[in-house]
Each structure stands twice: as C-alpha cells, then as structure tokens.
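Student: My structure is stored as model_1.txt, with compact mmCIF, C-alpha atoms.
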```txt
# COMPACT_ATOMS: atom_id res chain seq x y z
CA MET A 1 43.82 24.70 -57.07
CA ASN A 2 44.09 21.94 -59.63
CA ILE A 3 44.42 18.24 -58.95
CA TYR A 4 45.85 16.05 -61.70
CA PHE A 5 44.77 12.46 -62.37
CA GLU A 6 46.86 9.77 -64.19
CA SER A 7 44.89 10.34 -67.33
CA GLY A 8 45.97 13.92 -67.21
CA GLN A 9 42.58 15.32 -66.36
CA VAL A 10 42.35 18.18 -63.97
CA MET A 11 39.86 18.31 -61.14
CA ASN A 12 38.87 21.86 -60.88
CA ASP A 13 37.21 24.06 -58.31
CA SER A 14 33.72 23.36 -59.65
CA LEU A 15 34.04 19.74 -58.62
CA LEU A 16 34.99 20.82 -55.10
CA GLU A 17 32.00 23.14 -55.05
CA TRP A 18 29.79 20.24 -56.01
CA ALA A 19 31.24 18.16 -53.14
CA LYS A 20 30.46 21.02 -50.74
CA VAL A 21 26.87 21.08 -51.97
CA LEU A 22 26.55 17.36 -51.17
CA ALA A 23 28.20 17.80 -47.74
CA ASP A 24 25.49 20.17 -46.49
CA PRO A 25 22.59 17.67 -46.77
CA LEU A 26 24.82 14.96 -45.35
CA ALA A 27 25.54 17.10 -42.29
CA ILE A 28 21.81 17.76 -41.90
CA ILE A 29 21.03 14.05 -42.14
CA ILE A 30 23.71 13.14 -39.58
CA THR A 31 22.44 15.89 -37.25
CA ALA A 32 18.88 14.60 -37.70
CA PHE A 33 19.93 11.04 -36.83
CA ILE A 34 21.78 12.21 -33.73
CA ALA A 35 18.76 14.29 -32.65
CA LEU A 36 16.47 11.32 -33.33
CA TYR A 37 18.71 9.04 -31.25
CA TRP A 38 18.84 11.44 -28.27
CA GLY A 39 15.14 12.23 -28.57
CA HIS A 40 14.25 8.54 -28.55
CA LYS A 41 16.54 7.95 -25.56
CA TYR A 42 14.87 10.82 -23.66
CA TRP A 43 11.40 9.54 -24.62
CA ARG A 44 12.24 6.03 -23.31
CA LYS A 45 13.52 7.55 -20.05
CA GLN A 46 10.28 9.51 -19.68
CA LYS A 47 8.20 6.37 -20.35
CA ARG A 48 10.14 4.43 -17.69
CA GLU A 49 9.60 7.24 -15.18
CA GLU A 50 5.92 7.41 -16.10
CA GLY A 51 5.59 3.64 -15.60
CA THR A 52 7.31 3.87 -12.24
CA TYR A 53 5.06 6.75 -11.20
CA LEU A 54 1.92 4.89 -12.29
CA GLN A 55 3.02 1.78 -10.40
CA ARG A 56 3.64 3.83 -7.26
CA GLN A 57 0.23 5.47 -7.65
CA ILE A 58 -1.53 2.11 -8.05
CA ASN A 59 0.36 0.73 -5.05
CA TYR A 60 -0.54 3.78 -2.95
CA GLU A 61 -4.22 3.51 -3.88
CA ALA A 62 -4.16 -0.19 -2.94
CA LYS A 63 -2.57 0.71 0.41
CA ILE A 64 -5.27 3.32 1.02
CA ASN A 65 -8.02 0.82 0.19
CA ALA A 66 -6.42 -1.79 2.45
CA ALA A 67 -6.12 0.74 5.27
CA LYS A 68 -9.79 1.68 4.83
CA ALA A 69 -10.79 -1.98 4.96
CA MET A 70 -8.79 -2.59 8.14
CA TRP A 71 -10.12 0.65 9.59
CA GLY A 72 -13.62 -0.77 9.23
CA LEU A 73 -12.63 -3.66 11.50
CA LEU A 74 -11.90 -1.26 14.35
CA ARG A 75 -15.63 -0.78 14.85
CA TYR A 76 -15.68 -4.20 16.53
CA ILE A 77 -13.35 -2.97 19.29
CA SER A 78 -14.23 0.71 19.46
CA GLU A 79 -14.55 2.64 22.70
CA SER A 80 -18.19 3.45 22.12
CA ASP A 81 -21.15 1.18 22.75
CA HIS A 82 -22.90 -0.02 19.62
CA GLU A 83 -24.35 -3.20 18.23
CA ASP A 84 -21.17 -4.42 16.48
CA ASN A 85 -18.84 -3.93 19.43
CA ILE A 86 -17.32 -7.14 20.77
CA PHE A 87 -17.11 -5.63 24.25
CA ARG A 88 -20.34 -4.58 25.88
CA ARG A 89 -20.08 -2.18 28.79
CA GLY A 90 -22.20 -3.17 31.69
CA GLU A 91 -22.83 -2.14 35.26
CA LEU A 92 -20.25 -0.75 37.71
CA ASP A 93 -18.26 -2.98 40.00
CA SER A 94 -17.65 -2.33 43.73
CA GLU A 95 -14.76 0.04 42.90
CA GLY A 96 -16.86 2.10 40.51
CA ASN A 97 -15.28 0.74 37.30
CA LYS A 98 -17.35 -0.44 34.35
CA ILE A 99 -17.66 -4.17 33.92
CA HIS A 100 -17.07 -5.29 30.34
CA TYR A 101 -18.54 -8.33 28.66
CA PHE A 102 -17.08 -10.24 25.73
CA ARG A 103 -19.69 -11.10 23.06
CA SER A 104 -18.68 -14.22 21.16
CA ASP A 105 -21.15 -13.73 18.31
CA ARG A 106 -19.57 -10.34 17.52
CA ALA A 107 -16.10 -11.88 17.74
CA THR A 108 -17.20 -14.48 15.18
CA LEU A 109 -18.34 -11.70 12.84
CA PHE A 110 -15.02 -9.91 13.33
CA MET A 111 -12.99 -13.02 12.48
CA LYS A 112 -15.11 -13.77 9.41
CA GLU A 113 -14.83 -10.21 8.15
CA LEU A 114 -11.10 -10.18 8.84
CA THR A 115 -10.66 -13.34 6.78
CA GLU A 116 -12.78 -11.91 3.96
CA LEU A 117 -10.94 -8.59 3.83
CA PHE A 118 -7.46 -9.88 4.48
CA TYR A 119 -7.38 -12.96 2.27
CA THR A 120 -10.34 -13.07 -0.10
CA GLN A 121 -10.24 -9.41 -1.10
CA GLY A 122 -6.44 -9.35 -0.86
CA HIS A 123 -6.06 -6.28 1.35
CA GLY A 124 -3.56 -8.16 3.49
CA LEU A 125 -1.03 -7.82 0.68
CA PHE A 126 -0.92 -4.06 1.12
CA ILE A 127 -0.96 -3.73 4.89
CA ASP A 128 2.33 -2.91 6.61
CA LYS A 129 3.97 -5.72 8.55
CA GLU A 130 3.54 -3.96 11.91
CA ILE A 131 -0.21 -3.59 11.36
CA LYS A 132 -0.53 -7.24 10.32
CA GLU A 133 1.22 -8.35 13.50
CA LEU A 134 -1.11 -6.23 15.63
CA ILE A 135 -4.22 -7.45 13.83
CA PHE A 136 -3.22 -11.08 14.28
CA GLU A 137 -2.34 -10.50 17.93
CA LEU A 138 -5.79 -8.98 18.35
CA ARG A 139 -7.38 -11.95 16.59
CA SER A 140 -5.54 -14.44 18.82
CA GLN A 141 -6.56 -12.54 21.96
CA LEU A 142 -10.19 -12.53 20.86
CA PHE A 143 -10.03 -16.16 19.81
CA GLY A 144 -8.84 -17.10 23.31
CA TRP A 145 -11.90 -15.47 24.86
CA TYR A 146 -14.08 -16.99 22.15
CA LEU A 147 -12.91 -20.48 23.11
CA ILE A 148 -13.57 -19.78 26.80
CA ALA A 149 -17.09 -18.53 26.00
CA LEU A 150 -17.69 -21.56 23.80
CA LYS A 151 -16.48 -23.90 26.54
CA GLU A 152 -18.76 -22.24 29.09
CA GLY A 153 -21.66 -22.19 26.61
CA GLN A 154 -22.20 -18.43 26.94
CA ASN A 155 -22.60 -15.76 24.30
CA GLU A 156 -21.55 -13.05 26.75
CA LEU A 157 -18.59 -13.63 29.00
CA LYS A 158 -17.72 -11.33 31.89
CA ILE A 159 -14.16 -10.08 31.47
CA LYS A 160 -12.08 -10.90 34.51
CA ASN A 161 -8.62 -10.43 33.02
CA LYS A 162 -8.28 -6.62 32.98
CA GLU A 163 -4.70 -6.72 31.66
CA LYS A 164 -5.77 -8.68 28.60
CA PHE A 165 -8.64 -6.24 28.01
CA GLU A 166 -6.28 -3.27 28.37
CA ARG A 167 -3.88 -4.91 25.91
CA ILE A 168 -6.71 -5.09 23.37
CA GLN A 169 -7.42 -1.40 23.88
CA THR A 170 -3.71 -0.67 23.39
CA ILE A 171 -3.67 -2.76 20.21
CA ARG A 172 -6.70 -0.83 18.91
CA ALA A 173 -4.95 2.48 19.54
CA GLU A 174 -1.74 1.28 17.87
CA ILE A 175 -3.59 -0.04 14.82
CA ASN A 176 -5.46 3.26 14.60
CA LYS A 177 -2.20 5.24 14.68
CA LYS A 178 -0.33 2.97 12.25
CA LEU A 179 -3.17 2.91 9.70
CA LYS A 180 -3.14 6.70 9.64
CA LYS A 181 0.64 6.64 9.25
CA GLN A 182 0.44 4.11 6.41
CA ILE A 183 -1.65 6.40 4.23
CA THR A 184 0.35 9.57 4.94
CA ILE A 185 3.82 8.16 4.19
CA TYR A 186 3.58 8.43 0.44
```
Could you write out this structure as structure tokens?

Tutor:
Amino acid sequence: MNIYFESGQVMNDSLLEWAKVLADPLAIIITAFIALYWGHKYWRKQKREEGTYLQRQINYEAKINAAKAMWGLLRYISESDHEDNIFRRGELDSEGNKIHYFRSDRATLFMKELTELFYTQGHGLFIDKEIKELIFELRSQLFGWYLIALKEGQNELKIKNKEKFERIQTIRAEINKKLKKQITIY
C-alpha cells in the first residue's frame, strides 16, 4: 500500500514497519506504567492495613497492661486473709457468721495505688467504661468507711452494714469477670 504526499513522495511499507517497531516498546512502557500504578496502589493499601493492624495490636497490649494493673488492685478486697486485704476476718458472731473489720490503713494504700495506676501511669485510659464505673463505686464505698473510721479514730472498724459489705464483694466479682472479658474480646 502506498501513501502519496503533496510533494509526490510515496510512503512505503518499510516506513510502516518502522512505526510498528516503535509501537512495541511504547506498548511495553505503557504496560509498565499501568503495572507500576496498580502495584503502588496495592502497596499503599497494604501499608494502611499494616498501620491499622499495628495500632490495634498496640491498643490491645495497652488494654492487657491496664487490666493487669487493675487486677493487682483486687488483692485489697480478695476473699482470702492476707496482709494487704482491707477486710480482716475476725471471730464469729452469735449466729455463727464471721465478723469482718475494715482496715483504714489498707484502704489508704488501695486509694493511693489506684490513683497511681489509673492516672499517673495512664492505665485508666484503656479500661472499659463499665470497669471504671465499678472501680470508682468501690472507691467511694471504701472512702465512706474510711471517713467513719477516721471520725471514730480507729484503724480497724467493725463492719455493721452487711449489705454494703456484700455489695463490695459483688463489685469485686464483677470487676474480676469484666477484666477477664476485656482481654479476651480482641
């Protein structure tokens, strides 16, 4: 096939062959640019997912550390007798039930440690709202007894309000359950 120009020159098949030779590298370059574009887009997506995963992992580890810190506070209200326990078990009453005593010095240690862990170390940021509410209810209950013991000038105060004591035991059990749930959710 011949193509004629105004000057009368003929474009022959060899010129078309030469154009085909140039088209092959051009197609390769265009394909390379498209592959580079899609590869870069996929790489950015992977980096975003990796960042999200790392953030979730850091957040989970912080939640575990916060749960461990709050778990350590439960020793102050545990069911067993030990030196740190706020409630000392004493003799039996006339009905055969144990009499419990509130120890204000242990309550002071609890409140100081709670403040240190919760605010100073920042674990309060990573504790679930339900657990926070229970911890602060516990603190207010203990603070009430602390004020009574302070008013009466006693380090140990005999517990007369059994319902309030039972509520503290319920709070301890709920905190225990919710802390375990917090670390198993993720």

Student: Excluding same-chain residues fewer than 5 positions from stretch 167-177 of chain A, what lies within 8 Å of it counting only C-alpha atoms, as a list in words?

Tutor: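 Residues near the query, excluding close chain neighbours: Trp71, Leu74, Ile77, Ser78, Ile131, Leu134, Ile135, Leu138 and Gln141 of chain A.
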
Student: For the residues selected in the previous step, produce a file with C-alpha atoms as a compact mmCIF listing (two decimals), in the coordinates of the input.

Tutor:
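Writing done, so here's out.txt:
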```txt
# COMPACT_ATOMS: atom_id res chain seq x y z
CA TRP A 71 -10.12 0.65 9.59
CA LEU A 74 -11.90 -1.26 14.35
CA ILE A 77 -13.35 -2.97 19.29
CA SER A 78 -14.23 0.71 19.46
CA ILE A 131 -0.21 -3.59 11.36
CA LEU A 134 -1.11 -6.23 15.63
CA ILE A 135 -4.22 -7.45 13.83
CA LEU A 138 -5.79 -8.98 18.35
CA GLN A 141 -6.56 -12.54 21.96
```

Student: So, counting only C-alpha atoms, which residue among A:Thr115, A:Gln121, A:Gln46, A:Thr108 is closest to A:Trp145?

Tutor: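 Looking only at the distances to A:Trp145, the closest residue turns out to be A:Thr108.
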
Student: Would you mind telling me which residue in A:Phe87, A:Trp43, A:Tyr76, A:Phe143 lies nearest to A:Glu113 when using all atoms listed in the file?

Tutor: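 Of the candidates, the smallest distance to A:Glu113 is held by A:Tyr76.
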
Student: Which residue, A:Glu49, A:Glu91, A:Asp105, A:Glu116, has the smallest gap to A:Leu73 when you use only C-alpha atoms?

Tutor: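 For A:Leu73, the nearest of the candidates is A:Glu116.
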
Student: Residues around (-12.7, -14.1, 23.9), cut-off 7 Å, counting only C-alpha atoms - what are they as number ranges by chain?

Tutor: A: 102, 104, 141-149

Student: Please indicate the distance in Å from atom CA of A:Ala66 to atom CA of A:Lys178, rounded to one decimal place.

Tutor: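 Result for atom CA of A:Ala66 versus atom CA of A:Lys178: 12.5 Å, one decimal.
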
Student: To one decimal place, how far is atom CA of A:Glu133 from atom CA of A:Leu114 in Å?

Tutor: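 Separating atom CA of A:Glu133 from atom CA of A:Leu114 is a distance of 13.3 Å.
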
Student: Report, in Å with one decimal, the straight-line distance from atom CA of A:Gly39 to atom CA of A:Lys20.

Tutor: 28.3 Å

Student: Looking at all atoms listed in the file, which of A:Ile64, A:Ala107, A:Leu157, A:Leu22 is the one that sits closest to A:Asp128?

Tutor: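 Nearest candidate to A:Asp128 out of A:Ile64, A:Ala107, A:Leu157, A:Leu22: A:Ile64.
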
Student: Which one is closest to A:Arg75: A:Ile99, A:Ile58, A:Leu16, A:Leu109? Count only C-alpha atoms.

Tutor: A:Leu109

Student: Could you rebuild stretch 121-137 of chain A with N, CA, C and O atoms and give me the result as a short mmCIF file (atom, residue, chain, number, x, y, z; two decimals), in the frame of the given file?

Tutor:
```
data_model
loop_
_atom_site.label_atom_id
_atom_site.label_comp_id
_atom_site.auth_asym_id
_atom_site.auth_seq_id
_atom_site.Cartn_x
_atom_site.Cartn_y
_atom_site.Cartn_z
N GLN A 121 -10.34 -10.66 -0.34
CA GLN A 121 -10.24 -9.41 -1.10
C GLN A 121 -8.80 -8.98 -1.32
O GLN A 121 -8.54 -8.06 -2.08
N GLY A 122 -7.86 -9.60 -0.62
CA GLY A 122 -6.44 -9.35 -0.86
C GLY A 122 -5.86 -8.11 -0.21
O GLY A 122 -4.74 -7.72 -0.50
N HIS A 123 -6.59 -7.49 0.72
CA HIS A 123 -6.06 -6.28 1.35
C HIS A 123 -4.85 -6.57 2.23
O HIS A 123 -4.04 -5.67 2.49
N GLY A 124 -4.71 -7.80 2.66
CA GLY A 124 -3.56 -8.16 3.49
C GLY A 124 -2.23 -7.99 2.78
O GLY A 124 -1.20 -7.80 3.41
N LEU A 125 -2.25 -8.02 1.45
CA LEU A 125 -1.03 -7.82 0.68
C LEU A 125 -0.47 -6.41 0.83
O LEU A 125 0.74 -6.19 0.67
N PHE A 126 -1.33 -5.46 1.12
CA PHE A 126 -0.92 -4.06 1.12
C PHE A 126 -0.88 -3.42 2.50
O PHE A 126 -0.72 -2.22 2.62
N ILE A 127 -1.03 -4.24 3.52
CA ILE A 127 -0.96 -3.73 4.89
C ILE A 127 0.47 -3.88 5.39
O ILE A 127 1.11 -4.91 5.17
N ASP A 128 0.97 -2.86 6.06
CA ASP A 128 2.33 -2.91 6.61
C ASP A 128 2.47 -4.07 7.59
O ASP A 128 1.51 -4.45 8.27
N LYS A 129 3.68 -4.56 7.69
CA LYS A 129 3.97 -5.72 8.55
C LYS A 129 3.58 -5.47 10.01
O LYS A 129 3.02 -6.34 10.66
N GLU A 130 3.87 -4.28 10.52
CA GLU A 130 3.54 -3.96 11.91
C GLU A 130 2.04 -4.04 12.17
O GLU A 130 1.60 -4.52 13.21
N ILE A 131 1.25 -3.56 11.21
CA ILE A 131 -0.21 -3.59 11.36
C ILE A 131 -0.70 -5.02 11.32
O ILE A 131 -1.57 -5.42 12.10
N LYS A 132 -0.14 -5.82 10.41
CA LYS A 132 -0.53 -7.24 10.32
C LYS A 132 -0.29 -7.94 11.65
O LYS A 132 -1.14 -8.69 12.13
N GLU A 133 0.89 -7.70 12.22
CA GLU A 133 1.22 -8.35 13.50
C GLU A 133 0.22 -7.96 14.58
O GLU A 133 -0.22 -8.81 15.36
N LEU A 134 -0.14 -6.68 14.63
CA LEU A 134 -1.11 -6.23 15.63
C LEU A 134 -2.49 -6.83 15.39
O LEU A 134 -3.17 -7.25 16.34
N ILE A 135 -2.90 -6.88 14.14
CA ILE A 135 -4.22 -7.45 13.83
C ILE A 135 -4.27 -8.92 14.22
O ILE A 135 -5.26 -9.39 14.80
N PHE A 136 -3.21 -9.65 13.94
CA PHE A 136 -3.22 -11.08 14.28
C PHE A 136 -3.05 -11.31 15.78
O PHE A 136 -3.56 -12.30 16.31
N GLU A 137 -2.37 -10.40 16.47
CA GLU A 137 -2.34 -10.50 17.93
C GLU A 137 -3.74 -10.26 18.49
O GLU A 137 -4.19 -10.98 19.38
#
```
